[in-house]
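What follows is one structure encoded as structure tokens, with my remarks underneath.
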Amino acid sequence: MILKEVISKQIDSIKEELVKMSKKIFELSELSYQEKKSSRLLSDFLENNGFTVERGVGGLETSFVAKIGEKKPKIALLAEYDALPAVGHACGHNMIGVMSCGAAVGFKNAVKNIDFTLMVIGCPAEEHGAGKKDLIKAGIFDDIDVAMMIHPASMSTGYDIAYAIKRYKIEFFGKSAHAAADPSKGINALDAMILLFSSIGLLRQQLPEKVRIHGIITNGGQSFNTIPEYTSAEIGIRALTMEEVNFLEDKLRLLVQGASAMSGCKNKITVEEEMPEVYVNVPLANTLEKNYKLLGEKITSRTYEQGVGSTDMGAVTQIVPAIHGYINITDGKDIPTHTREFAQAANSEYGYEAMIRATKALAFTIYDISSNKELLTEIKEYFSQRRRDF
């Protein structure tokens, strides 16, 4: 408890700088893979506070790995900092990287001599692109013992529920013709797309519970006066397990084939993105919640009814003992993410106070893991059991 008080004071001493960084990232609102200034802001902060920083890891221009210490275990905090089109930081990513960087620096300044490896991994493109999967493929997570991050929300918890997802690009190829003079000579790719969306709507009544299929038409034709020769769509399938997503993919492919057959078009299906569900490490989640309670944070049980999204953190939790926790930045109001109202909360006085509490809880959890071998063993054993079950 004494050291946690020291950690808390150290984070309080850099609070003003942390809030300033979060406000700046909010203002920048850089989209996926374009987070050059946001990434630099966070990595410079770590470098200026004694961390060794490597930028552009895993072939991603806006990624970074910062570390201090050389021994095992390796504890990694993950940073996100990409915004959404139109609504900016309506998912609160302006806070995520700041929480991880603040926790790392606050812990380092309090402990002085770190006899393990503490890392912050800058992860681009959570909103669109699944940057963590690229970092996994590049081996960035190969030797990590524990990974953690905290996401802004309307509740505080160490637990998460997240959909597995596959995102597809669906294309139809027809034949153009003058829409008034020679329509019968055309093959209408827009007809195929409308048939597909209609059939997805009809399929929904036979879908299992807790499943989502949704999408947008990204190209609906080339000219009002021309039979569309090409259309495309972005469609996602979400379910609570990847096995169920794969089962539903077979149905989607049949619908695409049916739309092609009825319209006379050819088709192409491309898997653009794939993210598995989050596997929560229960001992680690419980530890974060205990530290929330130390800080006076009210814990809320995570339920499906609160709303479920998808995250590339799911891929990390499948290969490393990890958690994707949440911090309440909305002062108890139930405000959905990806809304302008949530963006306001992510740049509010209450939101920033909550961000600092989460930063402290994250730093406390680093201390618990690094100083308690029994806890680390329990965390690893829980993850190993998952491996054995599969």
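Here's how to read the names in the structure tokens: chain A, B, ... by the order shown, residue numbers from 1 in each chain, ligand numbers from 1 in the order shown.
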>> Would you pick out the contacts of Tyr230 (chain A) at 7 Å or less, using only C-alpha atoms, so that residues sharing its chain but fewer than 2 positions from it are not included, and give the list as a PyMOL selection string?
In response: chain A and resi 172-174+189+221+228+232
>> What's around region 89-91 of chain A at 7 Å? Count only C-alpha atoms, leave out sequence neighbours fewer than 6 positions away in its own chain, and write the answer as JSON, numbers by chain.
In response: {"A": [26, 29, 83, 337, 338, 339, 340, 342, 343]}
> Counting only C-alpha atoms, what is within 12 Å of Ser371 (chain A), bar same-chain residues fewer than 2 positions away, as a list in words?
Replying inline: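 My reading of the contact set: Leu3, Lys4, Lys72, Pro73, Val111, Ile114, Asp115, Phe116, Phe364, Thr365, Ile366, Tyr367, Asp368, Ile369, Lys373, Glu374, Leu375, Leu376 and Thr377 of chain A.
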>> I'd like the neighbourhood of region 6-11 of chain A as a PyMOL selection string, where a residue qualifies if any of its atoms comes within 6 Å (using only C-alpha atoms), though same-chain residues fewer than 3 positions away should be ignored.
In response: chain A and resi 3+14-15+106-107+110+360
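Reported to one decimal place, the separation of CA of Leu84 (chain A) from CA of Gly158 (chain A) is 24.6 Å.
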>> When you count only C-alpha atoms, which of these residues is closest to Tyr350 (chain A): A:Pro124, A:Gly215, A:Pro336, A:Pro152?
In response: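 Checking each candidate against Tyr350 (chain A), we get A:Pro152 as the closest.
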